[in-house]
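This report refers to the structure that appears directly beneath it.
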Amino acid sequence: MKTTKFDCIIVGVGGQGSIFASRVLGEAAVREEYDVISAETHGMAQRGGTVEVHIRIGSSFGPLIPLRSADALVGIEPAECLRFARYLSPKGTAIINTTPVPAASLDYPAVENLVKALTDTCERVIAYDAARLALVAGHPQTLNVVMLGTLSRLLPLTALEDVVAEHVPKKALDANIRGFKLGQRIFDV
Amino acid sequence: MQHRNRKYLLGNEAIAYGILESGVSLVSGYPGTPSSEIIPFIAQQVERYERPPHVEWSVNEKVALEVAAGASYCDVRAAAVMKHVGLNVAADPLMTLAYTGVKGGLVIVVADDPGCFSSQNEQDSRRYAQFAKIPCLDPSTPQEAYEFAKYAFALSELFEIPVMLRPTTRVSHARASVTLSGNYSDQRSAHFEKDPKRWVMVPTHARQRHAELNRIQPLLRDELASLNSLTLKRSHFGVVTAGVAAKYVEEALKKLRLDASVLRIAAYPINNDQIATLLSNSRQLLVVEELEPVIEEQVNAVAGTVEVCGKLTEHVQREGELTVDTVLNSIGQAVGRFGAADVPAVLIAAEHTLPPRPPVLCAGCPHRATFYSLKKVFTKEAIYVGDIGCYTLGVGQGTIDTTLCMGASISMGSGFSAACDQEIVSVIGDSTFIHTGVPGLINAVYNGARLTLVIMDNGTTAMTGHQPHPCTGVTATGTCTVPTPMEDLIKAIGVQGLYVVDPYNLFETEDALMKAKNSEGVQVVIARRPCIISAKKAGTLAKAKKRVTATCQNYFASCKLCSTLFCPAISYSETSVLIAEDCVGCGVCEQICEFDAIETA
């Protein structure tokens, strides 16, 4: 069993595919002989509520990541990203999509302020309009896969793209692979 | 190469594999978070079998346990699956099943929910195991949950006693790499041996069986001690822990670089020998367990002069779920060290600016429409007696005043109607009505209650993930069966008035509710419309979305009548109503708009 450890938190709102992203990540890690454990927390609502996933690669501990210790935080929705920023290590990387999903209350904080709070409290922040990249890739629902592409650059995994390809619907395969690669390239910009 | 039998599984799927590999002949249960995925996962697998096990969603947990007991009496293996509060419903058979004991292994899977993520309370099922004097296995990971499921059948047969497997949310809903043995036992052939002294619990037999139950208790403690693990260190500080909390303790001790002896309890009843060994090695013990201080009370009873810290000394929180951070704080408090990491002030400040995202009924949920009509007809003066299901979210519309337990809406409504003069509206879903609502309705009619019962019939058990129930005419394995005729059932009970309406049709619904309101006795209104999520999945949602016309701007400042719907697809700009992409075209807002400012897109 491989022993490199990587703790990651993926958050978003219902329907954005946070859970799909974590499952693909977990499958890829199992395939590459890591121990993996994750915890999916979603409230009573099927859609629109906060979805929080902790995923721990190479860990034999419980599924919940302690405060200030995650290696990466993927915020598919910017406000949700901040809601769980307390779990990110000061040495960790935040990957944040800058397109918000409005909540029932009209007061939504300025995304710049959210990014600033992240920048002040962790080593690296990768903030970009992943929703727009998903549109470029061919389908707004590839948003989670775009962000997975960005995350893949931090991970010790090599099979992630293959596992994505196996798990997305056939007719959406091209868009998802394009999205994954666009997400990967964010690092090069 | 990836090991063929290593899979990335939900804890509940791991338990399902454990049950299947044990050669189970029957699996029964009622859906409830966080246990709901076990039965569907087993049901998916059965078609691979030449002689598949019988898998069923039972009417309720009492029925499920009794169905499982019947199979077990015939010397075949059976499992009954439920959530913690479901065990309350099944408590009646449980307590005496411990006396009769079982033949074929009988495993009761009961998933606890520390933190009430999706439950009305956070009771501790280990107390039930203690109360019934049956063994309880307490896994800390999905891998262990799988292994314990298999062991539970063997243990059950060794002592001829039902065994509780008790995962918690962080085991059932953790997803982890799990190594499966891939060895499947064969189902046994059934044979019931008549033995009244064993199976007929008349008082003389019950007294003998109680003695037998007590006789095996020390044997059970000895047997189960091997599942626990004791690691002694040269330290005066020791920790006793169990379940997923044991994993948090492991991580916390490593983070703090603290040497401590650790006794991890994996099964109950607990043998005192291991506790005594730890006590003799320690000056201070910390007991870290979720929910009730079950272990702590036992440790306290034999602790002597050793200081025992835990929930009873406020070192460990009494309510809610534990995390690595709460455990860091508990250990920190006990040994005088810093605990969990501090959250920077800038993050706490940013968190305060975030919009809340409370759970809401889906856009187009038929329940929302029914609640709207209810509020209009019965006004806020009526008492809305609620039940367990998605419709609990009607609390936001002011049309749910109580939520207690499954089926309580009708029986509590009877109590309200006897005690006070206000209008009484009982609100229940179709699955919950069948679960435990029916006796309440019989009782209400029999005892002359005065209430309107609204059955929000969305044709599924929506809250827990869309499981079928008797009125749907489909079983857990997807086969067609005789559907329970809801209207005939209600009529046979003798209700004075019965109406069936489409909640999307506000006129029809309000008319029926008004008639019910103006009539005597028990009136029933069935508001029938498939759950919007089921309709989407089935592709039967053919309605066009709605849009707002320019007329809206003329009345916007003084209107916003549609805000009383609390629909997540409706929001407001400075000048107009906005309808979002998630609109499903239910048309309820169109019906309530007094200025015809909403139309089909």
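We label chains A, B, ... in the order they appear in the structure tokens, count residues from 1 in each chain, and number ligands from 1 in the order shown.
Excluding region 169-176 of chain B and any residue on its chain fewer than 3 positions from it, the residues at most 6 Å away by only C-alpha atoms are Val36, Ile37, Ser38 and Ala39 of chain A; Tyr8, Leu9, Leu10, Gly11, Asn12, Pro34, Asp113, Thr141 and Pro142 of chain B.
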Which chain A residues are at most 9 Å from chain B (counting only C-alpha atoms), as a ChimeraX atom specification?
-> /A:13,23,26-27,29-50,55,60-69,79-80,82-87,102-109,113-114,117-118,120-121
Kindly export the residues of the current selection with C-alpha atoms, as an mmCIF file, in the first residue's frame.
```
data_model
loop_
_atom_site.group_PDB
_atom_site.id
_atom_site.type_symbol
_atom_site.label_atom_id
_atom_site.label_comp_id
_atom_site.auth_asym_id
_atom_site.auth_seq_id
_atom_site.Cartn_x
_atom_site.Cartn_y
_atom_site.Cartn_z
ATOM 1 C CA VAL A 13 -23.925 23.200 -3.364
ATOM 2 C CA ARG A 23 -15.904 9.467 -5.826
ATOM 3 C CA GLY A 26 -11.395 7.904 -4.365
ATOM 4 C CA GLU A 27 -11.705 5.338 -7.169
ATOM 5 C CA ALA A 29 -6.685 6.376 -5.363
ATOM 6 C CA VAL A 30 -7.930 2.830 -4.718
ATOM 7 C CA ARG A 31 -6.760 1.837 -8.186
ATOM 8 C CA GLU A 32 -3.300 3.187 -7.418
ATOM 9 C CA GLU A 33 -3.153 1.178 -4.194
ATOM 10 C CA TYR A 34 -3.771 3.877 -1.659
ATOM 11 C CA ASP A 35 -5.959 3.519 1.392
ATOM 12 C CA VAL A 36 -8.749 6.055 1.061
ATOM 13 C CA ILE A 37 -11.530 7.200 3.335
ATOM 14 C CA SER A 38 -14.018 9.976 2.797
ATOM 15 C CA ALA A 39 -17.060 11.491 4.482
ATOM 16 C CA GLU A 40 -19.963 12.960 2.567
ATOM 17 C CA THR A 41 -22.140 15.412 4.468
ATOM 18 C CA HIS A 42 -25.246 16.784 2.883
ATOM 19 C CA GLY A 43 -28.234 18.132 4.751
ATOM 20 C CA MET A 44 -31.855 17.251 4.291
ATOM 21 C CA ALA A 45 -32.285 19.028 0.939
ATOM 22 C CA GLN A 46 -31.707 17.113 -2.255
ATOM 23 C CA ARG A 47 -30.718 20.258 -4.114
ATOM 24 C CA GLY A 48 -29.390 23.674 -3.310
ATOM 25 C CA GLY A 49 -27.965 22.863 0.112
ATOM 26 C CA THR A 50 -24.313 22.766 1.111
ATOM 27 C CA ILE A 55 -11.430 12.802 1.383
ATOM 28 C CA SER A 60 -5.754 5.006 8.044
ATOM 29 C CA PHE A 61 -7.518 7.512 10.305
ATOM 30 C CA GLY A 62 -11.205 8.439 10.431
ATOM 31 C CA PRO A 63 -12.894 10.253 7.553
ATOM 32 C CA LEU A 64 -13.018 13.739 9.097
ATOM 33 C CA ILE A 65 -10.064 16.070 8.472
ATOM 34 C CA PRO A 66 -9.027 18.179 11.483
ATOM 35 C CA LEU A 67 -9.066 21.995 11.423
ATOM 36 C CA ARG A 68 -6.223 23.755 9.562
ATOM 37 C CA SER A 69 -4.761 20.562 8.160
ATOM 38 C CA ALA A 79 -19.156 31.092 -0.479
ATOM 39 C CA GLU A 80 -19.137 27.379 0.349
ATOM 40 C CA LEU A 82 -15.061 29.977 2.614
ATOM 41 C CA ARG A 83 -17.476 28.112 4.865
ATOM 42 C CA PHE A 84 -14.965 25.273 5.048
ATOM 43 C CA ALA A 85 -11.722 27.258 4.711
ATOM 44 C CA ARG A 86 -11.056 26.627 8.407
ATOM 45 C CA TYR A 87 -10.069 23.064 7.500
ATOM 46 C CA PRO A 102 -26.977 32.703 -5.304
ATOM 47 C CA ALA A 103 -28.567 31.736 -2.004
ATOM 48 C CA ALA A 104 -32.132 32.438 -0.864
ATOM 49 C CA SER A 105 -31.000 35.546 0.995
ATOM 50 C CA LEU A 106 -29.903 38.291 -1.368
ATOM 51 C CA ASP A 107 -26.793 39.324 0.548
ATOM 52 C CA TYR A 108 -23.895 37.610 -1.144
ATOM 53 C CA PRO A 109 -20.409 38.780 -0.190
ATOM 54 C CA ASN A 113 -13.274 39.546 -0.350
ATOM 55 C CA LEU A 114 -13.669 35.781 -0.113
ATOM 56 C CA ALA A 117 -9.615 35.922 3.180
ATOM 57 C CA LEU A 118 -8.209 32.747 1.641
ATOM 58 C CA ASP A 120 -4.488 35.784 3.979
ATOM 59 C CA THR A 121 -4.731 32.359 5.552
#
```
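Going from CA of Phe148 (chain B) over to CA of Ser125 (chain B), you cover 16.4 Å.
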Enumerate the residues of region 18-91 of chain A with a DSSP assignment of strand (DSSP E or B), computed from the backbone, and present them as an mmCIF file with C-alpha atoms, in the first residue's frame.
```cif
data_model
loop_
_atom_site.group_PDB
_atom_site.id
_atom_site.type_symbol
_atom_site.label_atom_id
_atom_site.label_comp_id
_atom_site.auth_asym_id
_atom_site.auth_seq_id
_atom_site.Cartn_x
_atom_site.Cartn_y
_atom_site.Cartn_z
ATOM 1 C CA TYR A 34 -3.771 3.877 -1.659
ATOM 2 C CA VAL A 36 -8.749 6.055 1.061
ATOM 3 C CA ILE A 37 -11.530 7.200 3.335
ATOM 4 C CA SER A 38 -14.018 9.976 2.797
ATOM 5 C CA ALA A 39 -17.060 11.491 4.482
ATOM 6 C CA GLU A 40 -19.963 12.960 2.567
ATOM 7 C CA THR A 41 -22.140 15.412 4.468
ATOM 8 C CA HIS A 42 -25.246 16.784 2.883
ATOM 9 C CA THR A 50 -24.313 22.766 1.111
ATOM 10 C CA VAL A 51 -22.400 19.607 0.230
ATOM 11 C CA GLU A 52 -19.175 18.962 2.090
ATOM 12 C CA VAL A 53 -16.841 16.074 1.322
ATOM 13 C CA HIS A 54 -13.687 15.214 3.230
ATOM 14 C CA ILE A 55 -11.430 12.802 1.383
ATOM 15 C CA ARG A 56 -8.209 11.387 2.770
ATOM 16 C CA ILE A 57 -5.803 9.581 0.486
ATOM 17 C CA ALA A 70 -6.166 19.818 4.673
ATOM 18 C CA ASP A 71 -3.627 19.866 1.835
ATOM 19 C CA ALA A 72 -6.201 21.192 -0.588
ATOM 20 C CA LEU A 73 -9.623 22.788 -0.536
ATOM 21 C CA VAL A 74 -11.686 22.716 -3.701
ATOM 22 C CA GLY A 75 -14.527 25.230 -3.643
ATOM 23 C CA LEU A 88 -7.356 24.127 5.057
ATOM 24 C CA SER A 89 -3.765 23.981 6.274
ATOM 25 C CA PRO A 90 -1.783 27.258 6.344
ATOM 26 C CA LYS A 91 0.534 25.379 3.937
#
```
Leu498 (chain B) environment, 8 Å, only C-alpha atoms, sequence neighbours closer than 2 positions dropped, as a PyMOL selection string | chain B and resi 487+490-491+495-496+500+523-526
Could you name the residues that touch Ala131 (chain A) at 8 Å or less, counting only C-alpha atoms, but leaving out those on the same chain fewer than 6 positions away, as number ranges by chain?
-> A: 97-99, 140, 143
What lies within 10 Å of Pro485 (chain B) using only C-alpha atoms, ignoring chain neighbours under 6 positions off, as JSON, numbers by chain?
-> {"B": [470, 471, 472, 473]}
For Gly478 (chain B): contacts at 10 Å, only C-alpha atoms, fewer than 5 positions along chain excluded, given as a list in words =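 Everything that qualifies: Pro40, Ala43, Gln44, Gln467, Pro468 and Gly473 of chain B.
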Generate the output file for the selected residues, N, CA and C atoms, as an mmCIF file, in the first residue's frame.
```cif
data_model
loop_
_atom_site.group_PDB
_atom_site.id
_atom_site.type_symbol
_atom_site.label_atom_id
_atom_site.label_comp_id
_atom_site.auth_asym_id
_atom_site.auth_seq_id
_atom_site.Cartn_x
_atom_site.Cartn_y
_atom_site.Cartn_z
ATOM 1 N N PRO B 40 -31.207 -1.412 -0.688
ATOM 2 C CA PRO B 40 -31.149 -1.290 -2.153
ATOM 3 C C PRO B 40 -29.896 -1.937 -2.743
ATOM 4 N N ALA B 43 -30.515 -5.569 -2.780
ATOM 5 C CA ALA B 43 -31.559 -5.862 -3.774
ATOM 6 C C ALA B 43 -30.983 -5.869 -5.194
ATOM 7 N N GLN B 44 -30.006 -4.984 -5.443
ATOM 8 C CA GLN B 44 -29.370 -4.929 -6.769
ATOM 9 C C GLN B 44 -28.596 -6.203 -7.098
ATOM 10 N N GLN B 467 -37.443 5.154 -1.867
ATOM 11 C CA GLN B 467 -37.723 3.726 -1.789
ATOM 12 C C GLN B 467 -39.218 3.505 -2.013
ATOM 13 N N PRO B 468 -39.582 2.354 -2.595
ATOM 14 C CA PRO B 468 -41.004 2.056 -2.771
ATOM 15 C C PRO B 468 -41.646 1.664 -1.434
ATOM 16 N N GLY B 473 -46.988 -0.488 -5.156
ATOM 17 C CA GLY B 473 -47.133 -1.703 -5.955
ATOM 18 C C GLY B 473 -45.818 -2.244 -6.493
#
```
Measure the distance from CA of Ala408 (chain B) to CA of Phe507 (chain B) in Å and round it to one decimal.
-> 28.9 Å
Residue with smallest distance to Ile19 (chain A) - pool A:Ala137, A:Pro156, A:Ile76, A:Ala94, counting only C-alpha atoms = A:Ile76
For Thr305 (chain B): contacts at 10 Å, only C-alpha atoms, fewer than 4 positions along chain excluded, given as a list in words |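 Counting only C-alpha atoms, the residues come to Leu279, Arg283, Gln284 and Asn300 of chain B.
Taking CA of Gln141 (chain A) and CA of Ile96 (chain A) as the two end points, the separation is 16.2 Å.
Among the candidates B:Asp387, B:Glu13, B:Asp457, B:Asp222, the residue lying nearest to Ile532 (chain B) is B:Asp457 (atoms considered: only C-alpha atoms).
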